[in-house]
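Trainee: Dropping in target.cif, with mmCIF, C-alpha atoms.
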data_coords
#
loop_
_atom_site.label_atom_id
_atom_site.label_comp_id
_atom_site.auth_asym_id
_atom_site.auth_seq_id
_atom_site.Cartn_x
_atom_site.Cartn_y
_atom_site.Cartn_z
CA MET A 279 10.10 -26.86 18.19
CA ALA A 280 10.65 -30.38 19.57
CA GLU A 281 7.68 -32.69 19.82
CA ASN A 282 8.35 -33.31 23.50
CA GLU A 283 7.28 -29.68 24.09
CA TRP A 284 3.92 -30.06 22.38
CA LEU A 285 2.10 -31.05 25.57
CA ALA A 286 2.74 -27.60 27.03
CA LYS A 287 1.37 -25.73 23.99
CA ASP A 288 -2.25 -25.44 22.88
CA PHE A 289 -1.69 -24.39 19.29
CA TYR A 290 -5.40 -24.21 18.54
CA LYS A 291 -5.80 -21.66 21.32
CA VAL A 292 -2.78 -19.70 20.10
CA LEU A 293 -4.38 -19.31 16.65
CA GLY A 294 -7.87 -18.87 18.08
CA VAL A 295 -9.44 -21.73 16.12
CA SER A 296 -11.36 -24.83 17.10
CA LYS A 297 -9.79 -28.31 17.12
CA ASP A 298 -11.85 -29.31 14.07
CA ALA A 299 -10.88 -26.21 12.04
CA ASP A 300 -10.02 -26.94 8.42
CA GLU A 301 -6.75 -25.95 6.73
CA ALA A 302 -8.18 -22.78 5.17
CA THR A 303 -9.46 -21.53 8.54
CA ILE A 304 -6.09 -22.19 10.17
CA THR A 305 -4.21 -20.37 7.40
CA LYS A 306 -6.58 -17.39 7.56
CA ALA A 307 -6.18 -17.13 11.33
CA TYR A 308 -2.40 -17.33 11.05
CA ARG A 309 -2.15 -14.59 8.42
CA LYS A 310 -4.36 -12.27 10.46
CA LEU A 311 -2.24 -12.72 13.59
CA ALA A 312 1.06 -12.60 11.67
CA ARG A 313 0.15 -9.21 10.21
CA LYS A 314 -0.73 -7.99 13.71
CA TYR A 315 2.43 -9.17 15.44
CA HIS A 316 5.05 -9.19 12.64
CA PRO A 317 8.25 -7.52 13.95
CA ASP A 318 8.41 -5.21 10.94
CA LEU A 319 4.95 -3.86 11.77
CA ASN A 320 4.86 -4.15 15.56
CA LYS A 321 8.10 -3.30 17.35
CA THR A 322 7.11 -4.31 20.89
CA LYS A 323 8.79 -7.21 22.72
CA GLU A 324 5.38 -8.72 23.43
CA ALA A 325 4.56 -8.72 19.71
CA GLU A 326 7.85 -10.49 18.93
CA GLU A 327 7.01 -13.30 21.36
CA LYS A 328 3.44 -13.51 20.05
CA PHE A 329 4.74 -13.78 16.50
CA LYS A 330 7.00 -16.68 17.48
CA ASP A 331 4.10 -18.50 19.17
CA VAL A 332 1.83 -17.94 16.19
CA SER A 333 4.50 -19.18 13.76
CA GLU A 334 5.16 -22.32 15.85
CA ALA A 335 1.45 -23.10 16.03
CA TYR A 336 1.01 -22.67 12.28
CA ASP A 337 4.07 -24.81 11.48
CA VAL A 338 2.49 -27.74 13.34
CA LEU A 339 -1.16 -27.37 12.35
CA LYS A 340 -0.77 -26.49 8.66
CA ASP A 341 0.53 -29.98 7.79
CA SER A 342 -2.03 -32.76 8.19
CA GLN A 343 0.51 -35.42 9.26
CA THR A 344 2.24 -33.15 11.77
CA ARG A 345 -1.12 -32.03 13.06
CA GLN A 346 -2.18 -35.70 13.49
CA ARG A 347 0.91 -36.45 15.58
CA TYR A 348 0.33 -33.31 17.63
CA ASP A 349 -3.30 -34.28 18.34
CA ALA A 350 -2.17 -37.78 19.33
CA ILE A 351 0.50 -36.56 21.74
CA ARG A 352 -1.93 -34.03 23.22
CA GLN A 353 -4.35 -36.93 23.75
CA PHE A 354 -1.69 -38.70 25.86
CA GLY A 355 -1.30 -35.62 28.03
CA ALA A 356 -5.04 -35.14 28.41
CA GLY A 357 -5.40 -38.52 30.12
CA GLY A 358 -6.24 -40.61 27.10
CA ALA A 359 -3.39 -42.99 28.06
CA ARG A 360 -3.17 -44.39 31.58
CA PHE A 361 -0.35 -46.06 33.49
CA ALA A 362 -1.21 -49.00 35.66
CA GLY A 363 0.88 -51.14 37.99
CA GLY A 364 -0.71 -54.42 36.97
CA ALA A 365 0.71 -57.88 36.41
CA GLY A 366 3.39 -56.40 34.19
CA GLY A 367 4.93 -54.56 37.14
CA ALA A 368 5.14 -50.85 38.05
CA GLY A 369 5.97 -49.96 34.49
CA GLY A 370 2.87 -51.58 32.99
CA PHE A 371 0.28 -49.78 30.81
CA ASP A 372 -3.41 -49.96 30.16
CA ALA A 373 -2.87 -50.88 26.51
CA SER A 374 -6.49 -50.39 25.47
CA SER A 375 -6.06 -46.61 25.76
CA PHE A 376 -3.30 -46.60 23.15
CA SER A 377 -4.99 -48.52 20.37
CA ASP A 378 -6.44 -45.54 18.48
CA ILE A 379 -3.29 -43.47 18.77
CA PHE A 380 -0.89 -46.13 17.52
CA SER A 381 -3.24 -47.03 14.71
CA MET A 382 -2.73 -43.51 13.39
CA PHE A 383 1.04 -44.02 13.38
CA ASN A 384 1.12 -47.56 11.96
CA GLY A 385 -2.10 -48.07 10.00
CA GLY A 386 -3.39 -50.63 12.52
CA THR A 387 -3.67 -51.17 16.25
CA GLY A 388 -0.82 -53.65 16.60
CA MET A 389 -1.98 -54.19 20.20
CA GLY A 390 -2.05 -57.34 22.27
CA GLY A 391 -4.62 -58.08 24.93
CA ASN A 392 -4.59 -58.39 28.73
CA GLY A 393 -1.34 -56.52 29.24
CA SER A 394 0.62 -58.83 26.91
CA ARG A 395 3.76 -57.62 25.26
CA ILE A 396 3.09 -55.48 22.18
CA ARG A 397 5.15 -55.14 19.02
CA PHE A 398 5.08 -52.04 16.77
CA THR A 399 6.47 -51.51 13.32
CA THR A 400 7.35 -48.18 11.75
CA SER A 401 9.02 -46.81 8.66
CA GLY A 402 10.85 -44.23 10.74
CA ALA A 403 8.18 -41.52 10.52
CA GLY A 404 6.67 -42.32 13.94
CA PRO A 405 7.09 -40.33 17.16
CA ASN A 406 10.00 -40.58 19.55
CA MET A 407 8.52 -43.05 22.01
CA GLY A 408 11.28 -42.50 24.53
CA ASP A 409 10.34 -38.82 24.77
CA ILE A 410 6.66 -39.64 25.20
CA PHE A 411 7.28 -42.18 27.97
CA SER A 412 9.66 -39.86 29.78
CA MET A 413 6.96 -37.17 29.92
CA PHE A 414 4.57 -39.57 31.60
CA SER A 415 7.00 -41.16 34.09
CA GLY A 416 9.33 -38.23 34.85
CA SER A 417 12.41 -40.04 33.46
CA GLN A 418 13.59 -41.71 30.28
CA GLN A 419 11.95 -45.12 29.95
CA ASN A 420 13.09 -48.10 27.99
CA PRO A 421 10.09 -49.13 25.86
CA SER A 422 10.88 -52.87 26.17
CA ALA A 423 11.09 -52.58 29.96
CA SER A 424 7.57 -51.21 30.04
CA GLY A 425 6.11 -54.11 28.11
CA PHE A 426 6.75 -52.58 24.66
CA GLN A 427 9.10 -53.73 21.92
CA SER A 428 9.94 -51.71 18.87
CA ALA A 429 10.95 -53.37 15.64
CA ASN A 430 12.85 -50.21 14.71
CA ASN A 431 14.65 -47.55 16.72
CA PHE A 432 12.01 -44.92 17.51
CA GLY A 433 14.60 -42.80 19.26
CA ASN A 434 16.39 -42.16 15.98
CA ALA A 435 13.33 -40.66 14.29
CA GLN A 436 14.03 -37.15 13.05
CA TYR A 437 11.55 -34.46 12.06
CA THR A 438 12.24 -31.29 10.18
CA GLN A 439 10.43 -28.17 11.35
CA SER A 440 9.56 -25.84 8.47
CA GLN A 441 10.63 -22.27 8.83
CA PRO A 442 7.96 -19.57 9.38
CA GLU A 443 6.65 -18.28 6.09
CA ASN A 444 7.94 -14.86 5.10
CA MET A 445 5.06 -12.41 5.00
CA PRO A 446 4.74 -10.35 1.81
CA GLU A 447 6.03 -6.82 2.30
CA VAL A 448 5.07 -3.80 0.20
CA GLY A 449 8.05 -1.90 -1.21
CA GLU A 450 8.96 1.57 -0.01
CA ASP A 451 7.49 4.68 -1.66
CA ILE A 452 9.79 7.12 -3.44
CA THR A 453 9.31 10.89 -3.69
CA THR A 454 11.18 12.89 -6.32
CA ASN A 455 10.95 16.35 -7.94
CA ILE A 456 9.95 17.04 -11.52
CA THR A 457 10.19 20.44 -13.24
CA LEU A 458 7.85 21.21 -16.15
CA THR A 459 7.68 24.08 -18.57
CA PHE A 460 4.49 26.13 -18.44
CA LYS A 461 3.39 24.58 -21.72
CA GLN A 462 3.97 21.01 -20.45
CA ALA A 463 1.95 21.72 -17.32
CA PHE A 464 -0.84 23.38 -19.31
CA LYS A 465 -1.19 20.83 -22.12
CA GLY A 466 0.17 17.68 -20.45
CA ALA A 467 3.26 15.83 -21.61
CA THR A 468 4.91 12.42 -21.84
CA VAL A 469 8.18 12.40 -19.89
CA SER A 470 10.95 9.85 -19.26
CA LEU A 471 11.70 9.00 -15.63
CA ARG A 472 14.11 6.74 -13.77
CA ALA A 473 13.28 5.27 -10.36
CA ALA A 474 14.30 2.15 -8.40
CA GLY A 475 16.83 1.32 -11.12
CA THR A 476 14.23 1.33 -13.91
CA THR A 477 13.69 3.84 -16.74
CA PHE A 478 10.14 4.30 -18.01
CA LYS A 479 7.82 6.84 -19.60
CA THR A 480 4.69 8.31 -18.04
CA HIS A 481 2.06 10.86 -19.00
CA ILE A 482 1.70 14.10 -17.04
CA PRO A 483 -1.97 15.21 -17.09
CA ALA A 484 -2.93 18.57 -18.57
CA GLY A 485 -3.50 21.40 -16.11
CA VAL A 486 -1.15 20.18 -13.37
CA LYS A 487 -0.21 22.92 -10.89
CA ALA A 488 3.01 23.78 -9.09
CA GLY A 489 3.08 22.11 -5.66
CA GLN A 490 0.89 19.20 -6.65
CA LYS A 491 1.98 15.57 -6.24
CA ILE A 492 1.43 12.98 -8.93
CA ARG A 493 1.23 9.35 -7.76
CA LEU A 494 2.57 6.63 -10.02
CA LYS A 495 1.35 3.33 -8.54
CA GLY A 496 3.83 0.49 -8.38
CA LYS A 497 6.80 2.56 -9.57
CA GLY A 498 8.53 2.72 -6.17
CA LYS A 499 10.93 0.21 -4.65
CA PRO A 500 10.20 -3.50 -5.27
CA GLY A 501 8.33 -5.47 -2.61
CA LYS A 502 9.73 -8.42 -0.69
CA PHE A 503 8.52 -12.02 -0.60
CA GLY A 504 5.99 -11.42 -3.36
CA GLY A 505 4.71 -8.11 -1.98
CA ALA A 506 3.63 -5.29 -4.30
CA ALA A 507 6.05 -2.54 -5.30
CA GLY A 508 5.75 0.83 -3.59
CA ASP A 509 4.56 4.02 -5.30
CA LEU A 510 6.46 6.88 -6.89
CA TYR A 511 5.36 10.42 -5.99
CA LEU A 512 6.33 13.30 -8.30
CA GLN A 513 6.56 16.69 -6.57
CA VAL A 514 5.64 19.13 -9.36
CA HIS A 515 7.48 22.39 -10.08
CA VAL A 516 6.35 24.59 -12.99
CA GLU A 517 8.50 27.20 -14.71
CA GLU A 518 6.84 30.62 -14.83
CA SER A 519 5.73 32.13 -18.14
CA ASN A 520 6.22 35.79 -19.02
CA THR A 521 2.92 35.79 -20.89
CA PHE A 522 0.50 33.32 -19.33
CA THR A 523 -0.79 32.20 -15.95
CA LEU A 524 -3.24 29.49 -14.91
CA ARG A 525 -6.38 30.24 -12.90
CA GLY A 526 -8.02 26.91 -12.21
CA ASN A 527 -8.49 25.46 -15.70
CA ASN A 528 -8.44 28.91 -17.34
CA LEU A 529 -5.52 30.28 -19.34
CA VAL A 530 -5.02 33.98 -18.51
CA ALA A 531 -3.07 36.62 -20.45
CA ALA A 532 -3.05 40.40 -20.86
CA LEU A 533 -5.12 41.72 -23.78
CA PRO A 534 -3.58 45.03 -24.95
CA LEU A 535 -6.04 47.49 -26.66
CA THR A 536 -5.82 50.94 -28.21
CA LEU A 537 -8.08 53.62 -26.82
CA SER A 538 -10.13 53.48 -29.98
CA GLU A 539 -10.57 49.67 -29.73
CA ALA A 540 -11.69 50.01 -26.14
CA VAL A 541 -14.16 52.80 -27.00
CA HIS A 542 -15.56 51.43 -30.22
CA GLY A 543 -15.23 47.68 -29.54
CA ALA A 544 -13.23 45.40 -31.82
CA LYS A 545 -12.17 41.90 -32.76
CA VAL A 546 -8.56 41.41 -31.78
CA MET A 547 -6.18 38.44 -32.02
CA LEU A 548 -4.11 37.02 -29.16
CA ASN A 549 -1.76 34.03 -29.51
CA ASP A 550 -2.18 30.96 -27.25
CA VAL A 551 0.65 28.81 -25.77
CA ASP A 552 1.17 27.11 -29.16
CA GLY A 553 1.49 30.47 -30.91
CA LYS A 554 -1.86 30.07 -32.65
CA PRO A 555 -4.06 33.18 -32.86
CA VAL A 556 -7.32 33.23 -30.90
CA THR A 557 -10.00 35.85 -31.65
CA PHE A 558 -11.34 37.99 -28.77
CA LYS A 559 -14.53 40.02 -29.26
CA VAL A 560 -14.02 43.22 -27.30
CA PRO A 561 -17.28 45.00 -26.42
CA ALA A 562 -17.51 48.79 -26.86
CA GLY A 563 -16.68 50.75 -23.73
CA SER A 564 -14.19 48.23 -22.31
CA SER A 565 -11.85 49.43 -19.57
CA SER A 566 -8.51 48.20 -18.32
CA GLY A 567 -9.00 45.22 -16.04
CA ASP A 568 -12.11 43.96 -17.80
CA GLU A 569 -11.92 40.26 -18.73
CA ILE A 570 -12.87 38.91 -22.15
CA HIS A 571 -13.50 35.14 -22.32
CA VAL A 572 -13.04 32.70 -25.19
CA GLU A 573 -14.81 29.53 -24.09
CA ASP A 574 -13.16 26.09 -24.14
CA ALA A 575 -9.77 27.52 -25.01
CA GLY A 576 -8.25 26.78 -21.57
CA VAL A 577 -6.76 23.53 -20.24
CA PRO A 578 -7.41 20.83 -22.88
CA GLY A 579 -10.38 18.64 -22.03
CA ALA A 580 -11.21 20.58 -18.85
CA HIS A 581 -13.69 23.14 -20.31
CA GLY A 582 -11.59 26.08 -19.20
CA ASP A 583 -11.54 29.45 -20.97
CA PHE A 584 -8.85 31.64 -22.46
CA ILE A 585 -9.23 34.92 -20.57
CA GLY A 586 -7.86 38.19 -21.94
CA VAL A 587 -7.46 40.93 -19.34
CA VAL A 588 -7.96 44.33 -21.01
CA GLN A 589 -5.01 46.74 -20.91
CA ILE A 590 -5.59 50.10 -22.65
CA HIS A 591 -2.26 51.39 -23.90
CA ILE A 592 -1.51 55.11 -24.34
CA PRO A 593 1.63 56.34 -26.12
CA LYS A 594 4.36 57.32 -23.66
CA ARG A 595 5.41 60.29 -25.81
CA ALA A 596 2.31 62.23 -26.84
CA THR A 597 2.39 64.99 -29.45
CA MET A 598 0.60 68.29 -28.94
CA LEU A 599 -2.09 67.10 -31.31
CA LEU A 600 -2.61 63.90 -29.30
CA LYS A 601 -2.78 65.84 -26.03
CA HIS A 602 -5.35 68.19 -27.53
CA ALA A 603 -7.38 65.20 -28.79
CA ALA A 604 -7.30 63.62 -25.30
CA LYS A 605 -8.71 66.77 -23.71
CA GLU A 606 -11.39 66.89 -26.34
CA PHE A 607 -12.10 63.22 -25.56
CA ASP A 608 -12.74 64.04 -21.88
CA LYS A 609 -14.99 66.95 -22.82
CA THR A 610 -16.89 64.80 -25.27
CA ALA A 611 -17.26 61.94 -22.75
CA GLY A 612 -18.91 64.43 -20.40
CA ASP A 613 -18.79 65.28 -16.74
CA ALA A 614 -20.27 61.91 -15.73
CA TYR A 615 -17.27 60.10 -17.23
CA VAL A 616 -14.78 62.34 -15.44
CA ALA A 617 -16.69 61.98 -12.15
CA GLU A 618 -16.72 58.16 -12.47
CA VAL A 619 -12.95 58.02 -12.98
CA LYS A 620 -12.37 60.28 -9.95
CA LYS A 621 -14.61 58.01 -7.83
CA LEU A 622 -12.66 54.94 -8.87
CA ARG A 623 -9.45 56.64 -7.76
CA GLN A 624 -10.90 57.22 -4.31
CA ASN A 625 -11.60 53.51 -3.91
#
Spell out the structure here as structure tokens.

Mentor:
Amino acid sequence: MAENEWLAKDFYKVLGVSKDADEATITKAYRKLARKYHPDLNKTKEAEEKFKDVSEAYDVLKDSQTRQRYDAIRQFGAGGARFAGGAGGAGGFDASSFSDIFSMFNGGTGMGGNGSRIRFTTSGAGPNMGDIFSMFSGSQQNPSASGFQSANNFGNAQYTQSQPENMPEVGEDITTNITLTFKQAFKGATVSLRAAGTTFKTHIPAGVKAGQKIRLKGKGKPGKFGGAAGDLYLQVHVEESNTFTLRGNNLVAALPLTLSEAVHGAKVMLNDVDGKPVTFKVPAGSSSGDEIHVEDAGVPGAHGDFIGVVQIHIPKRATMLLKHAAKEFDKTAGDAYVAEVKKLRQN
């Protein structure tokens, strides 16, 4: 943005800060507004224009020297410099109003008295005086014709406007599927993954369920302009087991029993997912469907149980002796037993 447009812009108002705001306050205000109006976050036309205004204001005010020139030029436009048609003619100036401003540019006032001709020196970093005078008089003025002489060519001064800072952007999230065996889901596992062009290993927690999502922070697509990487989400699928199921943190399996074991009670062994035997204490009088618990033998570290669901098995091909023994069993169990079984069938 050219300096001859600065008079029309109140950059302090654009950023919502006071004229004596320090650099940290200006930067904080800019970042807040940039996040609000950045085109990647706010797609409206109004936001795009706001973002341009905010960026222009910050470009000028963030640098102390640029800000000093801006304040000086704004002081001209606010009436701090006055034109007078005195002895020097219609193009004369009230030089006393300029002393403070030019001292900022040159390190000293460099001013003469009583409307005398004034000489300025500059290293080339000063403002374009022709532009300033043209804003006050409505046309391009020759500094020497207005009672001013320049030792150097102010009109050739060039200033470089810094580009708006790129706001940090968080990388995109990635969602991918992962299929686990029942044992991996039950016990947890370390798996190798590849995402956003990178291969890495990660730990799957014990007891994960089908349908759950696992978030791996910072494993998504890389951020831009110093922004953080996105996240990787693993959509979990678990292969079914012919033997086991999960109920919360409990491992569940069928516990087959003979009729005698169910009647008398027994200690029976049932293998876990690692093939290691676990002892179940079956109480006397157990029926199919009853659940026998072995505490802390479920999901590792989650205080779940290993639950055996009683299944009383009867031979499919019974001999005459076995059939006779079964009838004798019913008679021995008594009418109450038979009546209870019939009642259960009605439910």

Trainee: Please expand the PyMOL selection byres ((chain A and resi 541) around 9) into the concrete residues it hits in this file, giving the result as number ranges by chain.

Mentor: A: 536-540, 542-544, 561-565

Trainee: Each residue of segment 444-560 of chain A with at least one atom at most 12 Å from segment 298-320 of chain A should appear once, together with its nearest atom pair and the corresponding distance in Å (one decimal); atoms considered: only C-alpha atoms; ordering: chain, then increasing residue number; output as CSV.

Mentor:
residue,atom,partner,partner_atom,distance
A:Asn444,CA,A:Ala312,CA,9.8
A:Met445,CA,A:Ala312,CA,7.8
A:Pro446,CA,A:Arg313,CA,9.6
A:Glu447,CA,A:Asp318,CA,9.1
A:Val448,CA,A:Asp318,CA,11.3

Trainee: Counting only C-alpha atoms, which residue out of A:Pro534, A:Gly508, A:Gly294, A:Gly576 sits closest to Val551 of chain A?

Mentor: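 Going through A:Pro534, A:Gly508, A:Gly294, A:Gly576 one by one, the smallest distance to Val551 of chain A is for A:Gly576.
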
Trainee: Can you work out the spacing between atom CA of Ile590 of chain A and atom CA of Ser566 of chain A in Å, to one decimal?

Mentor: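 Computing it gives 5.6 Å between the two atoms.
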
Trainee: Do you know which residues the PyMOL selection byres ((chain A and resi 567) around 8) returns on this file, as a PyMOL selection string?

Mentor: chain A and resi 565-566+568-569+587-589

Trainee: Please compute the atom CA of Gly504 of chain A-atom CA of Val338 of chain A distance, one decimal, in Å.

Mentor: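 Atom CA of Val338 of chain A lies at a distance of 23.6 Å from atom CA of Gly504 of chain A.
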
Trainee: If we draw a sphere of 9 Å around (-7.7, 32.6, -16.4), which residues have at least one atom in it when counting only C-alpha atoms? Please report them as a list in words.

Mentor: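 Residues satisfying the cut-off, written out: Phe522, Thr523, Leu524, Arg525, Gly526, Asn527, Asn528, Leu529, Val530, Ala531, His571, Gly576, Gly582, Asp583, Phe584, Ile585, Gly586 and Val587 of chain A.
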
Trainee: Quick one: residues within 12 Å of (11.4, 10.1, -20.6) (file frame), counting only C-alpha atoms, please, as a list of chain:residue names.

Mentor: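 The requested residues, written out, are A:Ile456, A:Ala467, A:Thr468, A:Val469, A:Ser470, A:Leu471, A:Arg472, A:Ala473, A:Thr476, A:Thr477, A:Phe478, A:Lys479, A:Thr480, A:His481, A:Ile482.
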
Trainee: Would you mind telling me which residue in A:Lys291, A:Lys465, A:Lys491, A:Lys559 lies nearest to Asp509 of chain A when using all atoms listed in the file?

Mentor: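 Closest residue, counting all atoms listed in the file: A:Lys491.
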
Trainee: Calculate how many Å separate atom CA of Thr322 of chain A from atom CA of Leu285 of chain A, rounding to one decimal.

Mentor: 27.6 Å

Trainee: Which residue, A:Thr557, A:Thr610, A:Thr459, A:Ser333, has the smallest gap to Val516 of chain A when you use all atoms listed in the file?

Mentor: A:Thr459

Trainee: Would you kindly translate the PyMOL selection byres ((chain A and resi 450-455) around 12) into the concrete residues it picks from this file, as a ChimeraX atom specification?

Mentor: /A:447-449,456-458,471-475,488-502,505-516

Trainee: Could segment 452-461 of chain A be completed with all heavy atoms and written as a PDB file, in the coordinates of the input, please?

Mentor:
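File part39.pdb, as written:
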ATOM      1  N   ILE A 452       8.718   6.189  -3.069  1.00  0.00           N
ATOM      2  CA  ILE A 452       9.790   7.120  -3.440  1.00  0.00           C
ATOM      3  C   ILE A 452       9.162   8.463  -3.790  1.00  0.00           C
ATOM      4  O   ILE A 452       8.133   8.512  -4.470  1.00  0.00           O
ATOM      5  CB  ILE A 452      10.589   6.591  -4.656  1.00  0.00           C
ATOM      6  CG1 ILE A 452      11.228   5.243  -4.340  1.00  0.00           C
ATOM      7  CG2 ILE A 452      11.644   7.605  -5.083  1.00  0.00           C
ATOM      8  CD1 ILE A 452      11.925   4.605  -5.531  1.00  0.00           C
ATOM      9  N   THR A 453       9.754   9.551  -3.327  1.00  0.00           N
ATOM     10  CA  THR A 453       9.310  10.890  -3.690  1.00  0.00           C
ATOM     11  C   THR A 453      10.447  11.610  -4.403  1.00  0.00           C
ATOM     12  O   THR A 453      11.584  11.618  -3.913  1.00  0.00           O
ATOM     13  CB  THR A 453       8.879  11.700  -2.458  1.00  0.00           C
ATOM     14  OG1 THR A 453       7.782  11.038  -1.813  1.00  0.00           O
ATOM     15  CG2 THR A 453       8.436  13.103  -2.857  1.00  0.00           C
ATOM     16  N   THR A 454      10.161  12.179  -5.560  1.00  0.00           N
ATOM     17  CA  THR A 454      11.180  12.890  -6.320  1.00  0.00           C
ATOM     18  C   THR A 454      10.568  14.142  -6.948  1.00  0.00           C
ATOM     19  O   THR A 454       9.347  14.259  -7.057  1.00  0.00           O
ATOM     20  CB  THR A 454      11.785  11.987  -7.412  1.00  0.00           C
ATOM     21  OG1 THR A 454      12.902  12.640  -8.014  1.00  0.00           O
ATOM     22  CG2 THR A 454      10.758  11.657  -8.490  1.00  0.00           C
ATOM     23  N   ASN A 455      11.412  15.087  -7.342  1.00  0.00           N
ATOM     24  CA  ASN A 455      10.950  16.350  -7.940  1.00  0.00           C
ATOM     25  C   ASN A 455      10.930  16.242  -9.459  1.00  0.00           C
ATOM     26  O   ASN A 455      11.764  15.557 -10.055  1.00  0.00           O
ATOM     27  CB  ASN A 455      11.853  17.507  -7.529  1.00  0.00           C
ATOM     28  CG  ASN A 455      11.795  17.780  -6.043  1.00  0.00           C
ATOM     29  OD1 ASN A 455      10.723  17.785  -5.453  1.00  0.00           O
ATOM     30  ND2 ASN A 455      12.944  18.009  -5.420  1.00  0.00           N
ATOM     31  N   ILE A 456       9.983  16.939 -10.058  1.00  0.00           N
ATOM     32  CA  ILE A 456       9.950  17.040 -11.520  1.00  0.00           C
ATOM     33  C   ILE A 456       9.618  18.488 -11.889  1.00  0.00           C
ATOM     34  O   ILE A 456       8.706  19.099 -11.308  1.00  0.00           O
ATOM     35  CB  ILE A 456       8.911  16.075 -12.139  1.00  0.00           C
ATOM     36  CG1 ILE A 456       8.954  16.165 -13.658  1.00  0.00           C
ATOM     37  CG2 ILE A 456       7.506  16.336 -11.616  1.00  0.00           C
ATOM     38  CD1 ILE A 456       8.140  15.091 -14.369  1.00  0.00           C
ATOM     39  N   THR A 457      10.392  19.067 -12.808  1.00  0.00           N
ATOM     40  CA  THR A 457      10.190  20.440 -13.240  1.00  0.00           C
ATOM     41  C   THR A 457       9.639  20.437 -14.661  1.00  0.00           C
ATOM     42  O   THR A 457      10.221  19.817 -15.559  1.00  0.00           O
ATOM     43  CB  THR A 457      11.504  21.237 -13.184  1.00  0.00           C
ATOM     44  OG1 THR A 457      11.992  21.233 -11.835  1.00  0.00           O
ATOM     45  CG2 THR A 457      11.281  22.675 -13.619  1.00  0.00           C
ATOM     46  N   LEU A 458       8.525  21.144 -14.846  1.00  0.00           N
ATOM     47  CA  LEU A 458       7.850  21.210 -16.150  1.00  0.00           C
ATOM     48  C   LEU A 458       7.876  22.629 -16.668  1.00  0.00           C
ATOM     49  O   LEU A 458       7.844  23.595 -15.890  1.00  0.00           O
ATOM     50  CB  LEU A 458       6.398  20.747 -16.021  1.00  0.00           C
ATOM     51  CG  LEU A 458       6.155  19.367 -15.408  1.00  0.00           C
ATOM     52  CD1 LEU A 458       4.663  19.164 -15.169  1.00  0.00           C
ATOM     53  CD2 LEU A 458       6.702  18.258 -16.300  1.00  0.00           C
ATOM     54  N   THR A 459       7.903  22.760 -17.990  1.00  0.00           N
ATOM     55  CA  THR A 459       7.680  24.080 -18.570  1.00  0.00           C
ATOM     56  C   THR A 459       6.206  24.444 -18.405  1.00  0.00           C
ATOM     57  O   THR A 459       5.366  23.575 -18.131  1.00  0.00           O
ATOM     58  CB  THR A 459       8.042  24.092 -20.061  1.00  0.00           C
ATOM     59  OG1 THR A 459       7.131  23.216 -20.768  1.00  0.00           O
ATOM     60  CG2 THR A 459       9.470  23.613 -20.286  1.00  0.00           C
ATOM     61  N   PHE A 460       5.886  25.728 -18.563  1.00  0.00           N
ATOM     62  CA  PHE A 460       4.490  26.130 -18.440  1.00  0.00           C
ATOM     63  C   PHE A 460       3.640  25.392 -19.468  1.00  0.00           C
ATOM     64  O   PHE A 460       2.530  24.930 -19.157  1.00  0.00           O
ATOM     65  CB  PHE A 460       4.347  27.642 -18.624  1.00  0.00           C
ATOM     66  CG  PHE A 460       2.937  28.124 -18.466  1.00  0.00           C
ATOM     67  CD1 PHE A 460       2.444  28.464 -17.221  1.00  0.00           C
ATOM     68  CD2 PHE A 460       2.072  28.202 -19.559  1.00  0.00           C
ATOM     69  CE1 PHE A 460       1.120  28.881 -17.056  1.00  0.00           C
ATOM     70  CE2 PHE A 460       0.757  28.609 -19.412  1.00  0.00           C
ATOM     71  CZ  PHE A 460       0.282  28.950 -18.153  1.00  0.00           C
ATOM     72  N   LYS A 461       4.143  25.252 -20.668  1.00  0.00           N
ATOM     73  CA  LYS A 461       3.390  24.580 -21.720  1.00  0.00           C
ATOM     74  C   LYS A 461       3.149  23.118 -21.387  1.00  0.00           C
ATOM     75  O   LYS A 461       2.049  22.594 -21.612  1.00  0.00           O
ATOM     76  CB  LYS A 461       4.138  24.711 -23.052  1.00  0.00           C
ATOM     77  CG  LYS A 461       3.399  24.113 -24.244  1.00  0.00           C
ATOM     78  CD  LYS A 461       4.157  24.375 -25.538  1.00  0.00           C
ATOM     79  CE  LYS A 461       3.443  23.756 -26.734  1.00  0.00           C
ATOM     80  NZ  LYS A 461       4.159  24.027 -28.008  1.00  0.00           N
TER      81      LYS A 461
END
